$ cat input02.cif   # mmCIF, N, CA and C atoms
data_input
#
loop_
_atom_site.group_PDB
_atom_site.id
_atom_site.type_symbol
_atom_site.label_atom_id
_atom_site.label_comp_id
_atom_site.auth_asym_id
_atom_site.auth_seq_id
_atom_site.Cartn_x
_atom_site.Cartn_y
_atom_site.Cartn_z
ATOM 1 N N MET F 1 69.748 200.356 64.877
ATOM 2 C CA MET F 1 70.898 201.193 65.043
ATOM 3 C C MET F 1 72.094 200.524 64.355
ATOM 4 N N ALA F 2 72.698 201.230 63.446
ATOM 5 C CA ALA F 2 73.857 200.707 62.737
ATOM 6 C C ALA F 2 75.095 200.805 63.622
ATOM 7 N N GLN F 3 75.875 199.738 63.613
ATOM 8 C CA GLN F 3 77.086 199.721 64.417
ATOM 9 C C GLN F 3 78.286 199.610 63.495
ATOM 10 N N SER F 4 79.387 200.194 63.941
ATOM 11 C CA SER F 4 80.577 200.132 63.115
ATOM 12 C C SER F 4 81.148 198.717 63.115
ATOM 13 N N LYS F 5 81.900 198.442 62.109
ATOM 14 C CA LYS F 5 82.504 197.134 61.939
ATOM 15 C C LYS F 5 83.453 196.816 63.098
ATOM 16 N N GLU F 6 84.224 197.814 63.528
ATOM 17 C CA GLU F 6 85.167 197.616 64.628
ATOM 18 C C GLU F 6 84.439 197.266 65.922
ATOM 19 N N THR F 7 83.291 197.893 66.151
ATOM 20 C CA THR F 7 82.507 197.615 67.349
ATOM 21 C C THR F 7 82.002 196.179 67.342
ATOM 22 N N LEU F 8 81.523 195.726 66.201
ATOM 23 C CA LEU F 8 81.036 194.353 66.098
ATOM 24 C C LEU F 8 82.156 193.346 66.301
ATOM 25 N N ILE F 9 83.325 193.614 65.730
ATOM 26 C CA ILE F 9 84.471 192.725 65.898
ATOM 27 C C ILE F 9 84.845 192.626 67.364
ATOM 28 N N LYS F 10 84.900 193.783 68.031
ATOM 29 C CA LYS F 10 85.238 193.795 69.456
ATOM 30 C C LYS F 10 84.195 193.035 70.268
ATOM 31 N N ARG F 11 82.927 193.212 69.937
ATOM 32 C CA ARG F 11 81.853 192.530 70.659
ATOM 33 C C ARG F 11 81.946 191.015 70.482
ATOM 34 N N PHE F 12 82.181 190.565 69.246
ATOM 35 C CA PHE F 12 82.306 189.127 69.008
ATOM 36 C C PHE F 12 83.497 188.547 69.758
ATOM 37 N N ASN F 13 84.623 189.249 69.755
ATOM 38 C CA ASN F 13 85.803 188.762 70.473
ATOM 39 C C ASN F 13 85.579 188.741 71.975
ATOM 40 N N SER F 14 84.910 189.738 72.490
ATOM 41 C CA SER F 14 84.623 189.784 73.920
ATOM 42 C C SER F 14 83.693 188.641 74.326
ATOM 43 N N THR F 15 82.703 188.394 73.508
ATOM 44 C CA THR F 15 81.776 187.289 73.771
ATOM 45 C C THR F 15 82.520 185.957 73.718
ATOM 46 N N ALA F 16 83.418 185.819 72.749
ATOM 47 C CA ALA F 16 84.208 184.591 72.641
ATOM 48 C C ALA F 16 85.075 184.403 73.872
ATOM 49 N N ASP F 17 85.681 185.472 74.370
ATOM 50 C CA ASP F 17 86.496 185.377 75.588
ATOM 51 C C ASP F 17 85.662 184.898 76.767
ATOM 52 N N THR F 18 84.452 185.436 76.891
ATOM 53 C CA THR F 18 83.568 185.048 77.985
ATOM 54 C C THR F 18 83.221 183.567 77.906
ATOM 55 N N TYR F 19 82.863 183.092 76.718
ATOM 56 C CA TYR F 19 82.516 181.678 76.570
ATOM 57 C C TYR F 19 83.733 180.784 76.790
ATOM 58 N N GLU F 20 84.909 181.246 76.397
ATOM 59 C CA GLU F 20 86.113 180.460 76.612
ATOM 60 C C GLU F 20 86.405 180.313 78.109
ATOM 61 N N GLU F 21 86.237 181.383 78.861
ATOM 62 C CA GLU F 21 86.417 181.308 80.320
ATOM 63 C C GLU F 21 85.412 180.344 80.945
ATOM 64 N N LYS F 22 84.164 180.429 80.484
ATOM 65 C CA LYS F 22 83.133 179.534 81.008
ATOM 66 C C LYS F 22 83.463 178.084 80.665
ATOM 67 N N GLY F 23 83.937 177.856 79.448
ATOM 68 C CA GLY F 23 84.306 176.512 79.035
ATOM 69 C C GLY F 23 85.428 175.935 79.890
ATOM 70 N N LYS F 24 86.422 176.756 80.184
ATOM 71 C CA LYS F 24 87.530 176.298 81.026
ATOM 72 C C LYS F 24 87.045 175.965 82.432
ATOM 73 N N ARG F 25 86.147 176.773 82.961
ATOM 74 C CA ARG F 25 85.605 176.528 84.295
ATOM 75 C C ARG F 25 84.812 175.220 84.316
ATOM 76 N N GLU F 26 83.955 175.034 83.319
ATOM 77 C CA GLU F 26 83.153 173.814 83.245
ATOM 78 C C GLU F 26 84.041 172.578 83.059
ATOM 79 N N TRP F 27 85.101 172.719 82.274
ATOM 80 C CA TRP F 27 86.027 171.611 82.058
ATOM 81 C C TRP F 27 86.691 171.224 83.383
ATOM 82 N N ALA F 28 87.072 172.225 84.157
ATOM 83 C CA ALA F 28 87.682 171.962 85.461
ATOM 84 C C ALA F 28 86.696 171.255 86.388
ATOM 85 N N TYR F 29 85.432 171.685 86.361
ATOM 86 C CA TYR F 29 84.415 171.015 87.180
ATOM 87 C C TYR F 29 84.320 169.540 86.787
ATOM 88 N N ALA F 30 84.292 169.282 85.497
ATOM 89 C CA ALA F 30 84.160 167.911 85.018
ATOM 90 C C ALA F 30 85.382 167.084 85.406
ATOM 91 N N LYS F 31 86.561 167.641 85.282
ATOM 92 C CA LYS F 31 87.784 166.909 85.605
ATOM 93 C C LYS F 31 87.909 166.638 87.102
ATOM 94 N N ASN F 32 87.255 167.443 87.926
ATOM 95 C CA ASN F 32 87.306 167.267 89.369
ATOM 96 C C ASN F 32 86.149 166.425 89.901
ATOM 97 N N GLY F 33 85.462 165.734 88.994
ATOM 98 C CA GLY F 33 84.458 164.774 89.411
ATOM 99 C C GLY F 33 83.125 165.357 89.843
ATOM 100 N N LEU F 34 82.759 166.518 89.327
ATOM 101 C CA LEU F 34 81.488 167.128 89.716
ATOM 102 C C LEU F 34 80.338 166.784 88.772
ATOM 103 N N GLY F 35 80.546 165.833 87.904
ATOM 104 C CA GLY F 35 79.451 165.389 87.052
ATOM 105 C C GLY F 35 79.790 165.437 85.581
ATOM 106 N N GLY F 36 79.265 164.464 84.864
ATOM 107 C CA GLY F 36 79.525 164.362 83.431
ATOM 108 C C GLY F 36 78.866 165.443 82.605
ATOM 109 N N GLU F 37 77.808 166.043 83.143
ATOM 110 C CA GLU F 37 77.129 167.086 82.346
ATOM 111 C C GLU F 37 78.035 168.294 82.127
ATOM 112 N N HIS F 38 79.054 168.456 82.962
ATOM 113 C CA HIS F 38 79.960 169.592 82.799
ATOM 114 C C HIS F 38 80.810 169.452 81.538
ATOM 115 N N TYR F 39 81.062 168.230 81.098
ATOM 116 C CA TYR F 39 81.757 168.037 79.826
ATOM 117 C C TYR F 39 80.928 168.629 78.687
ATOM 118 N N ALA F 40 79.642 168.380 78.722
ATOM 119 C CA ALA F 40 78.757 168.898 77.675
ATOM 120 C C ALA F 40 78.695 170.423 77.724
ATOM 121 N N TYR F 41 78.630 170.982 78.933
ATOM 122 C CA TYR F 41 78.610 172.441 79.064
ATOM 123 C C TYR F 41 79.908 173.046 78.534
ATOM 124 N N ALA F 42 81.025 172.390 78.830
ATOM 125 C CA ALA F 42 82.322 172.889 78.366
ATOM 126 C C ALA F 42 82.398 172.828 76.844
ATOM 127 N N ARG F 43 81.969 171.713 76.279
ATOM 128 C CA ARG F 43 82.006 171.548 74.825
ATOM 129 C C ARG F 43 81.150 172.615 74.146
ATOM 130 N N ASP F 44 79.966 172.878 74.702
ATOM 131 C CA ASP F 44 79.078 173.891 74.151
ATOM 132 C C ASP F 44 79.709 175.281 74.242
ATOM 133 N N ALA F 45 80.313 175.584 75.373
ATOM 134 C CA ALA F 45 80.924 176.910 75.551
ATOM 135 C C ALA F 45 82.087 177.105 74.579
ATOM 136 N N PHE F 46 82.916 176.078 74.409
ATOM 137 C CA PHE F 46 84.038 176.194 73.470
ATOM 138 C C PHE F 46 83.548 176.334 72.030
ATOM 139 N N GLU F 47 82.468 175.662 71.696
ATOM 140 C CA GLU F 47 81.899 175.773 70.349
ATOM 141 C C GLU F 47 81.362 177.182 70.110
ATOM 142 N N ARG F 48 80.693 177.756 71.109
ATOM 143 C CA ARG F 48 80.181 179.121 70.974
ATOM 144 C C ARG F 48 81.323 180.117 70.833
ATOM 145 N N ALA F 49 82.387 179.913 71.583
ATOM 146 C CA ALA F 49 83.554 180.792 71.479
ATOM 147 C C ALA F 49 84.139 180.711 70.072
ATOM 148 N N LYS F 50 84.239 179.508 69.546
ATOM 149 C CA LYS F 50 84.776 179.315 68.194
ATOM 150 C C LYS F 50 83.918 180.034 67.152
ATOM 151 N N ARG F 51 82.593 179.886 67.276
ATOM 152 C CA ARG F 51 81.695 180.550 66.313
ATOM 153 C C ARG F 51 81.841 182.067 66.363
ATOM 154 N N ASN F 52 81.955 182.624 67.572
ATOM 155 C CA ASN F 52 82.097 184.076 67.686
ATOM 156 C C ASN F 52 83.428 184.559 67.128
ATOM 157 N N ARG F 53 84.496 183.791 67.338
ATOM 158 C CA ARG F 53 85.799 184.169 66.760
ATOM 159 C C ARG F 53 85.744 184.103 65.232
ATOM 160 N N GLU F 54 85.040 183.114 64.699
ATOM 161 C CA GLU F 54 84.902 183.011 63.240
ATOM 162 C C GLU F 54 84.120 184.196 62.679
ATOM 163 N N LYS F 55 83.081 184.627 63.385
ATOM 164 C CA LYS F 55 82.305 185.788 62.942
ATOM 165 C C LYS F 55 83.179 187.042 62.931
ATOM 166 N N ALA F 56 84.001 187.209 63.964
ATOM 167 C CA ALA F 56 84.885 188.369 64.028
ATOM 168 C C ALA F 56 85.896 188.329 62.895
ATOM 169 N N GLU F 57 86.451 187.157 62.632
ATOM 170 C CA GLU F 57 87.436 187.026 61.553
ATOM 171 C C GLU F 57 86.793 187.307 60.194
ATOM 172 N N LYS F 58 85.569 186.854 60.003
ATOM 173 C CA LYS F 58 84.868 187.104 58.743
ATOM 174 C C LYS F 58 84.654 188.601 58.548
ATOM 175 N N LEU F 59 84.290 189.308 59.607
ATOM 176 C CA LEU F 59 84.110 190.756 59.503
ATOM 177 C C LEU F 59 85.440 191.459 59.184
ATOM 178 N N ARG F 60 86.536 190.977 59.758
ATOM 179 C CA ARG F 60 87.834 191.582 59.485
ATOM 180 C C ARG F 60 88.202 191.458 58.015
ATOM 181 N N GLN F 61 87.836 190.340 57.404
ATOM 182 C CA GLN F 61 88.211 190.080 56.023
ATOM 183 C C GLN F 61 87.347 190.829 55.016
ATOM 184 N N GLU F 62 86.205 191.315 55.451
ATOM 185 C CA GLU F 62 85.301 192.028 54.520
ATOM 186 C C GLU F 62 85.828 193.404 54.212
#
$ encode --input "input02.cif" --output "structure tokens"
Amino acid sequence: MAQSKETLIKRFNSTADTYEEKGKREWAYAKNGLGGEHYAYARDAFERAKRNREKAEKLRQE
């Protein structure tokens, strides 16, 4: 199923927002002493958010 460019941009941005929220939550867990693995989860979530924002920006420029 072909999707419009605007729909894909919105989807990538929405996904990035979700990962950014998750990253902030995991970062808070790590800062409050709930375990070092939360730093890794936060880093991964922020990286995924960044990749999705880059995909959306690339689509905007096309």
$ residues_around --input "input02.cif" --residues "F:Ala45" --least-positions-apart "6" --cutoff "6.5 Å" --atoms "all atoms listed in the file" --output "list in words"
Tyr19, Glu20, Lys22 and Gly23 of chain F
$ select_by_dssp --input "input02.cif" --residues "chain F" --states "helix (DSSP H, G or I)" --output "PyMOL selection string"
chain F and resi 5-31+37-61
$ write_last_selection --input "input02.cif" --atoms "N, CA and C atoms" --output "compact mmCIF listing (two decimals), keeping the file's coordinate frame"
# COMPACT_ATOMS: atom_id res chain seq x y z
N LYS F 5 81.90 198.44 62.11
CA LYS F 5 82.50 197.13 61.94
C LYS F 5 83.45 196.82 63.10
N GLU F 6 84.22 197.81 63.53
CA GLU F 6 85.17 197.62 64.63
C GLU F 6 84.44 197.27 65.92
N THR F 7 83.29 197.89 66.15
CA THR F 7 82.51 197.62 67.35
C THR F 7 82.00 196.18 67.34
N LEU F 8 81.52 195.73 66.20
CA LEU F 8 81.04 194.35 66.10
C LEU F 8 82.16 193.35 66.30
N ILE F 9 83.32 193.61 65.73
CA ILE F 9 84.47 192.72 65.90
C ILE F 9 84.84 192.63 67.36
N LYS F 10 84.90 193.78 68.03
CA LYS F 10 85.24 193.80 69.46
C LYS F 10 84.20 193.04 70.27
N ARG F 11 82.93 193.21 69.94
CA ARG F 11 81.85 192.53 70.66
C ARG F 11 81.95 191.02 70.48
N PHE F 12 82.18 190.56 69.25
CA PHE F 12 82.31 189.13 69.01
C PHE F 12 83.50 188.55 69.76
N ASN F 13 84.62 189.25 69.76
CA ASN F 13 85.80 188.76 70.47
C ASN F 13 85.58 188.74 71.97
N SER F 14 84.91 189.74 72.49
CA SER F 14 84.62 189.78 73.92
C SER F 14 83.69 188.64 74.33
N THR F 15 82.70 188.39 73.51
CA THR F 15 81.78 187.29 73.77
C THR F 15 82.52 185.96 73.72
N ALA F 16 83.42 185.82 72.75
CA ALA F 16 84.21 184.59 72.64
C ALA F 16 85.08 184.40 73.87
N ASP F 17 85.68 185.47 74.37
CA ASP F 17 86.50 185.38 75.59
C ASP F 17 85.66 184.90 76.77
N THR F 18 84.45 185.44 76.89
CA THR F 18 83.57 185.05 77.98
C THR F 18 83.22 183.57 77.91
N TYR F 19 82.86 183.09 76.72
CA TYR F 19 82.52 181.68 76.57
C TYR F 19 83.73 180.78 76.79
N GLU F 20 84.91 181.25 76.40
CA GLU F 20 86.11 180.46 76.61
C GLU F 20 86.40 180.31 78.11
N GLU F 21 86.24 181.38 78.86
CA GLU F 21 86.42 181.31 80.32
C GLU F 21 85.41 180.34 80.94
N LYS F 22 84.16 180.43 80.48
CA LYS F 22 83.13 179.53 81.01
C LYS F 22 83.46 178.08 80.67
N GLY F 23 83.94 177.86 79.45
CA GLY F 23 84.31 176.51 79.04
C GLY F 23 85.43 175.94 79.89
N LYS F 24 86.42 176.76 80.18
CA LYS F 24 87.53 176.30 81.03
C LYS F 24 87.04 175.96 82.43
N ARG F 25 86.15 176.77 82.96
CA ARG F 25 85.60 176.53 84.30
C ARG F 25 84.81 175.22 84.32
N GLU F 26 83.96 175.03 83.32
CA GLU F 26 83.15 173.81 83.24
C GLU F 26 84.04 172.58 83.06
N TRP F 27 85.10 172.72 82.27
CA TRP F 27 86.03 171.61 82.06
C TRP F 27 86.69 171.22 83.38
N ALA F 28 87.07 172.22 84.16
CA ALA F 28 87.68 171.96 85.46
C ALA F 28 86.70 171.26 86.39
N TYR F 29 85.43 171.68 86.36
CA TYR F 29 84.42 171.02 87.18
C TYR F 29 84.32 169.54 86.79
N ALA F 30 84.29 169.28 85.50
CA ALA F 30 84.16 167.91 85.02
C ALA F 30 85.38 167.08 85.41
N LYS F 31 86.56 167.64 85.28
CA LYS F 31 87.78 166.91 85.60
C LYS F 31 87.91 166.64 87.10
N GLU F 37 77.81 166.04 83.14
CA GLU F 37 77.13 167.09 82.35
C GLU F 37 78.04 168.29 82.13
N HIS F 38 79.05 168.46 82.96
CA HIS F 38 79.96 169.59 82.80
C HIS F 38 80.81 169.45 81.54
N TYR F 39 81.06 168.23 81.10
CA TYR F 39 81.76 168.04 79.83
C TYR F 39 80.93 168.63 78.69
N ALA F 40 79.64 168.38 78.72
CA ALA F 40 78.76 168.90 77.68
C ALA F 40 78.69 170.42 77.72
N TYR F 41 78.63 170.98 78.93
CA TYR F 41 78.61 172.44 79.06
C TYR F 41 79.91 173.05 78.53
N ALA F 42 81.03 172.39 78.83
CA ALA F 42 82.32 172.89 78.37
C ALA F 42 82.40 172.83 76.84
N ARG F 43 81.97 171.71 76.28
CA ARG F 43 82.01 171.55 74.82
C ARG F 43 81.15 172.62 74.15
N ASP F 44 79.97 172.88 74.70
CA ASP F 44 79.08 173.89 74.15
C ASP F 44 79.71 175.28 74.24
N ALA F 45 80.31 175.58 75.37
CA ALA F 45 80.92 176.91 75.55
C ALA F 45 82.09 177.10 74.58
N PHE F 46 82.92 176.08 74.41
CA PHE F 46 84.04 176.19 73.47
C PHE F 46 83.55 176.33 72.03
N GLU F 47 82.47 175.66 71.70
CA GLU F 47 81.90 175.77 70.35
C GLU F 47 81.36 177.18 70.11
N ARG F 48 80.69 177.76 71.11
CA ARG F 48 80.18 179.12 70.97
C ARG F 48 81.32 180.12 70.83
N ALA F 49 82.39 179.91 71.58
CA ALA F 49 83.55 180.79 71.48
C ALA F 49 84.14 180.71 70.07
N LYS F 50 84.24 179.51 69.55
CA LYS F 50 84.78 179.32 68.19
C LYS F 50 83.92 180.03 67.15
N ARG F 51 82.59 179.89 67.28
CA ARG F 51 81.69 180.55 66.31
C ARG F 51 81.84 182.07 66.36
N ASN F 52 81.96 182.62 67.57
CA ASN F 52 82.10 184.08 67.69
C ASN F 52 83.43 184.56 67.13
N ARG F 53 84.50 183.79 67.34
CA ARG F 53 85.80 184.17 66.76
C ARG F 53 85.74 184.10 65.23
N GLU F 54 85.04 183.11 64.70
CA GLU F 54 84.90 183.01 63.24
C GLU F 54 84.12 184.20 62.68
N LYS F 55 83.08 184.63 63.38
CA LYS F 55 82.30 185.79 62.94
C LYS F 55 83.18 187.04 62.93
N ALA F 56 84.00 187.21 63.96
CA ALA F 56 84.88 188.37 64.03
C ALA F 56 85.90 188.33 62.90
N GLU F 57 86.45 187.16 62.63
CA GLU F 57 87.44 187.03 61.55
C GLU F 57 86.79 187.31 60.19
N LYS F 58 85.57 186.85 60.00
CA LYS F 58 84.87 187.10 58.74
C LYS F 58 84.65 188.60 58.55
N LEU F 59 84.29 189.31 59.61
CA LEU F 59 84.11 190.76 59.50
C LEU F 59 85.44 191.46 59.18
N ARG F 60 86.54 190.98 59.76
CA ARG F 60 87.83 191.58 59.48
C ARG F 60 88.20 191.46 58.02
N GLN F 61 87.84 190.34 57.40
CA GLN F 61 88.21 190.08 56.02
C GLN F 61 87.35 190.83 55.02
$ resolve_selection --input "input02.cif" --expression "the PyMOL selection byres ((chain F and resi 52) around 8)" --output "JSON, numbers by chain"
{"F": [11, 12, 13, 14, 15, 16, 17, 46, 47, 48, 49, 50, 51, 53, 54, 55, 56, 57, 58]}
$ residues_around --input "input02.cif" --residues "F:Tyr39" --least-positions-apart "5" --cutoff "7 Å" --atoms "only N, CA and C atoms" --output "number ranges by chain"
F: 26-27, 29-31, 44
$ atom_distance --input "input02.cif" --atom1 "atom CA of F:Ala28" --atom2 "atom C of F:Lys10"
26.2 Å
$ atom_distance --input "input02.cif" --atom1 "atom N of F:Arg25" --atom2 "atom CA of F:Ile9"
23.4 Å
$ atom_distance --input "input02.cif" --atom1 "atom CA of F:Glu6" --atom2 "atom CA of F:Glu21"
22.7 Å
$ axis_aligned_box --input "input02.cif" --around "stretch 27-38 of chain F" --padding-each-side "4 Å" --output "JSON"
{"center_x": 82.5, "center_y": 168.5, "center_z": 85.7, "size_x": 18.8, "size_y": 16.4, "size_z": 16.4}
